[in-house]
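Asks: Sharing a structure with you now.
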Amino acid sequence: MLVNTKAKVGVFSIALGAYLPQFPSLVPEFDKQFADFKASIPDTVEIIDGGVVTTKEQSQAAGDKFRAADVDLVFMQLLTYATSYNMLPAVKDLDVPVVLVNVQKLKALDYDTAGTAEWLGEAYACGAVGEMVADLNRYGKRSAVITGVVEGGDPDVAREIEEWCRAAQCRRRFRDTNIAQIGRPYPGMMDLYIDESNLYRRMGLYTKQFDWEKIWAIADDVNDEAAIEAKKKDILDTFDIVGEPDQEKIHEMAKYVLAFEEWAKNEKLGLVASHYDGYAQGQAGLVDSLLIPAFSMLIKQGTACAVEGDMKVAMAMSILKTISGTGQLAEMYTIDFNDGVTLIGHSGSGDYDFSKAKKPTMKMMDVFHGKTGGGYLTQFYPPTGPITYLAITQDGEGHFKFVCAEGENVEGKILQNGDTMMRTSFKLTPSEFVTKWSETGPTHHFGAAVGHHIDVILKVAKVFDVPVEIVTR
């Protein structure tokens with residue numbers, strides 16, 4: 001990642017304080033279970049430790065810690081029965097989901113020998129969860145429940161915890177990085193237009209505005225020939241170039257990639273949305289011809305870069321990259337009614353990690369269709385198999401919504417115009433899919449990722465408190 005972030009996850013456990021003097025063995029038992037639970041959380045996140053909570057005052061202290069750290073998510077481990085005062089002071093002032101971890105230590109008690117202490121300490125799952133959710137609902141808090149067992153290992157529990165951590169990372173990435181807007185959205189595509197103040201309010205993502213003049217000048221001070229040659233090699237290792245590569249242009253491209261990398265780090269850019277609608281002559285024309293592969297090199301390093309100034313699709317690409325490792329730009333292309341597939345893709349920058357079937361290619365085009373100038377176009381080749389699409393759209397009041405679908409990328413011919421393209425088969429017919437997808441009002445562009453990821457997208461949506469429409473899965 002050019003700009004690194006790490007989600008902050010509040011973690012605490014609750015138990016009823018009245019039990020502890022009655023059954024002193026519960027104190028070391030609960031301390032051990034809490035330590036084991038913390039150790040089970042992936043090291044991809046930073047744990048904000050709220051401790052074992054048995055009083056209202058301890059819960060308030062945990063809440064103070066969580067607020068000070070600006071946590072992205074809270075895991076609450078239910079050790080045994082507890083009342084709401086153990087939970088609510090810790091979370092009532094937070095605007096993040098509370099995941100109730102209802103994981104029992106033992107698969108079952110020994111019915112012949114277990115006493116009250118063993119029951120309360122090692123096998124009391126499910127007793128308090130419903131009332132905890134009821135109180136969270138009354139306080140307007142988002143919540144989820146994970147139920148399972150420690151003994152023998154529980155892969156479903158481990159998967160749920162790991163997925164929630166990935167979802168939390170999306171929030172942290174938006175809060176700790178910025179989105180660059182260069183130029184403006186493609187003229188007339190009003191569905192792409194966005195209120196940057198509303199974006200910051202609802203999604204926590206701050207916009208930094210850049211004029212093209214600054215971008216044209218950004219590589220002026222890059223003169224380290226060794227670094228330029230190393231970046232040229234990186235570019236040539238990343239792409240197969242169709243035809244004889246123009247060494248002078250690759251050299252210039254390497255300078256801009258180096259400059260863009262430094263720019264992204266200095267400005268803490270996790271996302272970029274750009275569109276150039278000028279005359280594409282002189283220095284402007286040179287930069288315009290190099291932007292697609294240059295931005296693709298940024299995507300390879302974790303900074304989502306969207307064409308046509310679409311900030312919402314940059315967000316979708318960033319979310320998919322964060323939760324799945326791949327985040328590709330896409331839009332509807334054409335329907336093949338003979339084969340029953342929808343062709344989905346896009347020209348422009350793309351994700352190297354998405355191109356698992358074949359090394360990406362780069363070739364010179366005289367014309368960028370519908371845009372000014374020409375230059376290098378990149379094409380990426382996704383593997384056959386599961387694929388997920390995610391769109392982010394808005395209603396008239398500025399509220400965001402996720403739209404998603406899962407399908408299968410299948411073998412077959414694609415158009416030969418140099419654009420990335422997926423032949424996608426859905427459980428719906430192509431006509432049904434395109435109709436249902438379009439009726440959600442998804443915005444023109446959307447993101448694509450290798451694999452099926454709706455389960456994690458639903459968690460991301462809960463983290464950001466936005467609704468989700470699932471078209472098909």
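All residue names refer to the structure tokens as shown: chains lettered A, B, ... in order, residues numbered from 1 in each chain, ligands numbered from 1 in order.
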Give me every strand (DSSP E) residue in region 86-321 of chain A, going by DSSP on the backbone, as a PyMOL selection string.
Replies: chain A and resi 98-104+143-149+178-183+206-210+240-241+269-275+304-306
Asks: Please provide the set of residues having any atom within 12 Å of Asp110 (chain A), restricted to only C-alpha atoms, with same-chain residues fewer than 6 positions apart removed, written as a list in words.
Replies: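 My list of contacting residues is Thr116, Glu118, Trp119, Glu122 and Ala123 of chain A.
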Asks: Report the distance between CA of Val129 (chain A) and CA of Thr44 (chain A) in Å, rounded to one decimal place.
Replies: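 Atom-to-atom, CA of Val129 (chain A) and CA of Thr44 (chain A) are spaced 27.2 Å apart.
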Asks: Set the distance at 7 Å and use only C-alpha atoms: which residues neighbour region 70-85 of chain A once local chain neighbours fewer than 2 positions away are removed? I'd like the list as an mmCIF file with N, CA and C atoms, in the first residue's frame.
Replies:
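Below is the file that was written, around.cif:
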data_model
loop_
_atom_site.group_PDB
_atom_site.id
_atom_site.type_symbol
_atom_site.label_atom_id
_atom_site.label_comp_id
_atom_site.auth_asym_id
_atom_site.auth_seq_id
_atom_site.Cartn_x
_atom_site.Cartn_y
_atom_site.Cartn_z
ATOM 1 N N ALA A 7 -7.138 -0.728 10.865
ATOM 2 C CA ALA A 7 -8.390 -0.541 11.589
ATOM 3 C C ALA A 7 -8.169 -0.647 13.090
ATOM 4 N N LYS A 8 -8.980 0.119 13.830
ATOM 5 C CA LYS A 8 -8.939 0.091 15.292
ATOM 6 C C LYS A 8 -10.217 -0.579 15.787
ATOM 7 N N VAL A 9 -10.054 -1.651 16.533
ATOM 8 C CA VAL A 9 -11.188 -2.454 16.965
ATOM 9 C C VAL A 9 -11.245 -2.474 18.491
ATOM 10 N N GLY A 10 -12.337 -1.966 19.043
ATOM 11 C CA GLY A 10 -12.543 -2.048 20.484
ATOM 12 C C GLY A 10 -12.942 -3.460 20.875
ATOM 13 N N VAL A 11 -12.353 -3.968 21.939
ATOM 14 C CA VAL A 11 -12.624 -5.328 22.390
ATOM 15 C C VAL A 11 -12.843 -5.311 23.901
ATOM 16 N N PHE A 12 -13.957 -5.864 24.339
ATOM 17 C CA PHE A 12 -14.150 -6.042 25.777
ATOM 18 C C PHE A 12 -15.039 -7.250 26.029
ATOM 19 N N SER A 13 -15.023 -7.730 27.265
ATOM 20 C CA SER A 13 -15.841 -8.865 27.673
ATOM 21 C C SER A 13 -16.728 -8.436 28.823
ATOM 22 N N ILE A 14 -17.901 -9.070 28.947
ATOM 23 C CA ILE A 14 -18.795 -8.727 30.045
ATOM 24 C C ILE A 14 -19.207 -9.975 30.816
ATOM 25 N N ALA A 15 -19.408 -9.767 32.123
ATOM 26 C CA ALA A 15 -19.901 -10.810 33.018
ATOM 27 C C ALA A 15 -20.636 -10.128 34.154
ATOM 28 N N LEU A 16 -21.537 -10.834 34.796
ATOM 29 C CA LEU A 16 -22.295 -10.267 35.899
ATOM 30 C C LEU A 16 -21.430 -10.232 37.156
ATOM 31 N N PHE A 30 -12.429 -16.264 33.495
ATOM 32 C CA PHE A 30 -12.831 -15.223 32.552
ATOM 33 C C PHE A 30 -11.625 -14.454 32.010
ATOM 34 N N LYS A 56 -20.761 -0.973 35.907
ATOM 35 C CA LYS A 56 -21.074 0.172 35.044
ATOM 36 C C LYS A 56 -19.862 1.078 34.882
ATOM 37 N N PHE A 66 -12.561 3.665 23.883
ATOM 38 C CA PHE A 66 -13.014 3.441 22.511
ATOM 39 C C PHE A 66 -13.245 4.768 21.782
ATOM 40 N N ARG A 67 -13.836 5.729 22.459
ATOM 41 C CA ARG A 67 -14.077 7.028 21.825
ATOM 42 C C ARG A 67 -12.770 7.756 21.537
ATOM 43 N N ALA A 68 -11.853 7.691 22.496
ATOM 44 C CA ALA A 68 -10.567 8.375 22.302
ATOM 45 C C ALA A 68 -9.801 7.803 21.121
ATOM 46 N N MET A 87 -22.796 -3.345 29.203
ATOM 47 C CA MET A 87 -22.551 -3.092 27.785
ATOM 48 C C MET A 87 -22.775 -1.637 27.383
ATOM 49 N N LEU A 88 -23.924 -1.088 27.742
ATOM 50 C CA LEU A 88 -24.356 0.176 27.137
ATOM 51 C C LEU A 88 -23.422 1.352 27.395
ATOM 52 N N PRO A 89 -22.874 1.551 28.598
ATOM 53 C CA PRO A 89 -21.976 2.697 28.770
ATOM 54 C C PRO A 89 -20.751 2.651 27.867
ATOM 55 N N VAL A 96 -20.602 2.975 15.522
ATOM 56 C CA VAL A 96 -20.030 1.828 14.811
ATOM 57 C C VAL A 96 -20.785 0.578 15.246
ATOM 58 N N PRO A 97 -20.744 -0.489 14.449
ATOM 59 C CA PRO A 97 -21.430 -1.718 14.849
ATOM 60 C C PRO A 97 -20.804 -2.350 16.092
ATOM 61 N N VAL A 98 -21.663 -3.000 16.872
ATOM 62 C CA VAL A 98 -21.228 -3.785 18.021
ATOM 63 C C VAL A 98 -21.481 -5.255 17.668
ATOM 64 N N VAL A 99 -20.406 -6.037 17.600
ATOM 65 C CA VAL A 99 -20.515 -7.450 17.257
ATOM 66 C C VAL A 99 -20.484 -8.250 18.552
ATOM 67 N N LEU A 100 -21.592 -8.918 18.861
ATOM 68 C CA LEU A 100 -21.718 -9.691 20.091
ATOM 69 C C LEU A 100 -21.162 -11.087 19.842
ATOM 70 N N VAL A 101 -20.059 -11.394 20.493
ATOM 71 C CA VAL A 101 -19.371 -12.672 20.285
ATOM 72 C C VAL A 101 -19.865 -13.649 21.347
ATOM 73 N N ASN A 102 -20.765 -14.485 20.928
ATOM 74 C CA ASN A 102 -21.462 -15.422 21.812
ATOM 75 C C ASN A 102 -20.873 -16.819 21.572
ATOM 76 N N LEU A 120 -21.870 -21.534 34.489
ATOM 77 C CA LEU A 120 -21.751 -20.104 34.249
ATOM 78 C C LEU A 120 -20.441 -19.724 33.576
ATOM 79 N N GLY A 121 -19.379 -20.479 33.820
ATOM 80 C CA GLY A 121 -18.064 -20.094 33.326
ATOM 81 C C GLY A 121 -17.654 -20.721 32.020
ATOM 82 N N TYR A 124 -22.172 -21.082 29.188
ATOM 83 C CA TYR A 124 -23.359 -20.234 29.220
ATOM 84 C C TYR A 124 -23.383 -19.381 27.956
ATOM 85 N N ALA A 125 -23.768 -19.983 26.858
ATOM 86 C CA ALA A 125 -23.990 -19.217 25.630
ATOM 87 C C ALA A 125 -25.487 -18.984 25.477
ATOM 88 N N GLY A 127 -27.751 -16.988 26.612
ATOM 89 C CA GLY A 127 -28.669 -16.492 27.630
ATOM 90 C C GLY A 127 -28.931 -15.007 27.592
ATOM 91 N N ALA A 128 -27.899 -14.184 27.292
ATOM 92 C CA ALA A 128 -28.066 -12.726 27.382
ATOM 93 C C ALA A 128 -28.080 -12.042 26.022
ATOM 94 N N MET A 132 -29.415 -8.138 24.878
ATOM 95 C CA MET A 132 -28.399 -7.164 24.485
ATOM 96 C C MET A 132 -28.776 -6.520 23.149
ATOM 97 N N ALA A 168 -14.064 -3.422 8.865
ATOM 98 C CA ALA A 168 -13.616 -2.280 9.659
ATOM 99 C C ALA A 168 -12.482 -1.542 8.970
ATOM 100 N N ARG A 171 -13.591 1.309 6.699
ATOM 101 C CA ARG A 171 -13.876 2.573 7.385
ATOM 102 C C ARG A 171 -12.588 3.313 7.725
ATOM 103 N N ARG A 172 -11.618 2.582 8.237
ATOM 104 C CA ARG A 172 -10.356 3.234 8.618
ATOM 105 C C ARG A 172 -9.660 3.807 7.395
#
Asks: Just the residues within 12 Å of region 425-442 of chain A, please, counting only C-alpha atoms, with nothing from its chain fewer than 5 positions along; format it as a ChimeraX atom specification.
Replies: /A:191-192,312-313,316,331-344,384-396,400-412,447,467-473
Asks: Mind the document's chain letters and residue numbers, and return as an MDAnalysis selection string the residues of region 148-273 of chain A that DSSP labels helix (DSSP H, G or I).
Replies: chainID A and resid 155:176 190:192 196:203 212:217 225:238 247:267
Asks: Please list as a VMD selection string every residue within 8 Å of Ala180 (chain A), counting only C-alpha atoms and excluding residues in the same chain fewer than 4 positions away.
Replies: chain A and resid 207 to 210 269 271 to 274
Asks: Would you list the contacts of Asp221 (chain A) as a PDB file with C-alpha atoms, in the first residue's frame, taking every protein, DNA or RNA residue within 12 Å and counting only C-alpha atoms, but skipping same-chain residues closer than 2 positions in sequence?
Replies:
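around_25.pdb was written with the following content:
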ATOM      1  CA  TRP A 216       1.419  18.325 -15.498  1.00  0.00           C
ATOM      2  CA  ALA A 217       4.175  19.809 -13.361  1.00  0.00           C
ATOM      3  CA  ILE A 218       4.354  17.004 -10.829  1.00  0.00           C
ATOM      4  CA  ALA A 219       7.202  15.127 -12.512  1.00  0.00           C
ATOM      5  CA  ASN A 223      15.627  13.370 -12.147  1.00  0.00           C
ATOM      6  CA  ASP A 224      17.030  10.254 -10.450  1.00  0.00           C
ATOM      7  CA  GLU A 225      17.868   8.135 -13.507  1.00  0.00           C
ATOM      8  CA  ILE A 228      13.477   6.010 -13.293  1.00  0.00           C
ATOM      9  CA  LYS A 255       8.874   9.592 -14.169  1.00  0.00           C
ATOM     10  CA  TYR A 256       5.175  10.230 -13.692  1.00  0.00           C
ATOM     11  CA  LEU A 258       7.417   7.940  -9.406  1.00  0.00           C
ATOM     12  CA  ALA A 259       5.975  11.415  -9.052  1.00  0.00           C
ATOM     13  CA  PHE A 260       2.439  10.082  -8.536  1.00  0.00           C
ATOM     14  CA  GLU A 262       5.304  10.483  -3.960  1.00  0.00           C
TER      15      GLU A 262
END
Asks: Write out as a PyMOL selection string each polymer residue whose atoms come within 9 Å of Ile41 (chain A), counting only C-alpha atoms; drop sequence neighbours fewer than 5 positions from it.
Replies: chain A and resi 47+158+161-162+165
Asks: Go through A:Asn86, A:Gln281, A:Gln104, A:Thr113 one by one, measure the shortest atom-to-atom distance of each to Val53 (chain A) using only C-alpha atoms, and give the residue with the smallest value.
Replies: A:Asn86
Asks: Have a look at A:Ala108, A:Leu377, A:Ala461, A:Ile194 and name the one nearest to Met362 (chain A); count only C-alpha atoms.
Replies: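 Of A:Ala108, A:Leu377, A:Ala461, A:Ile194, the one nearest Met362 (chain A) is A:Leu377, counting only C-alpha atoms.
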Asks: Pick from A:Met364, A:Leu26, A:Ile215, A:Ile179: nearest to Pro245 (chain A), with only C-alpha atoms counted?
Replies: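 When distances to Pro245 (chain A) are compared using only C-alpha atoms, the smallest one comes from A:Met364.
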Asks: Counting only C-alpha atoms, figure out which residue out of A:Glu267, A:Met311, A:Gly350, A:Gln328 gets nearest to Phe295 (chain A).
Replies: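 The shortest atom-to-atom distance to Phe295 (chain A) comes from A:Gly350.
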Asks: Compare A:Ala306, A:Leu329, A:Ala314, A:Ala254 by their minimum atom-to-atom distance to His275 (chain A), counting only C-alpha atoms, and give me the closest one.
Replies: A:Ala306
Asks: So how far away is CA of Asp93 (chain A) from CA of Ser197 (chain A), in Å?
Replies: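 Between these atoms lies a distance of 23.1 Å.
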Asks: Tell me which of A:Ser40, A:Asn4, A:Gln416, A:Thr424 sits closest to Pro382 (chain A), counting only C-alpha atoms.
Replies: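 When distances to Pro382 (chain A) are compared using only C-alpha atoms, the smallest one comes from A:Thr424.
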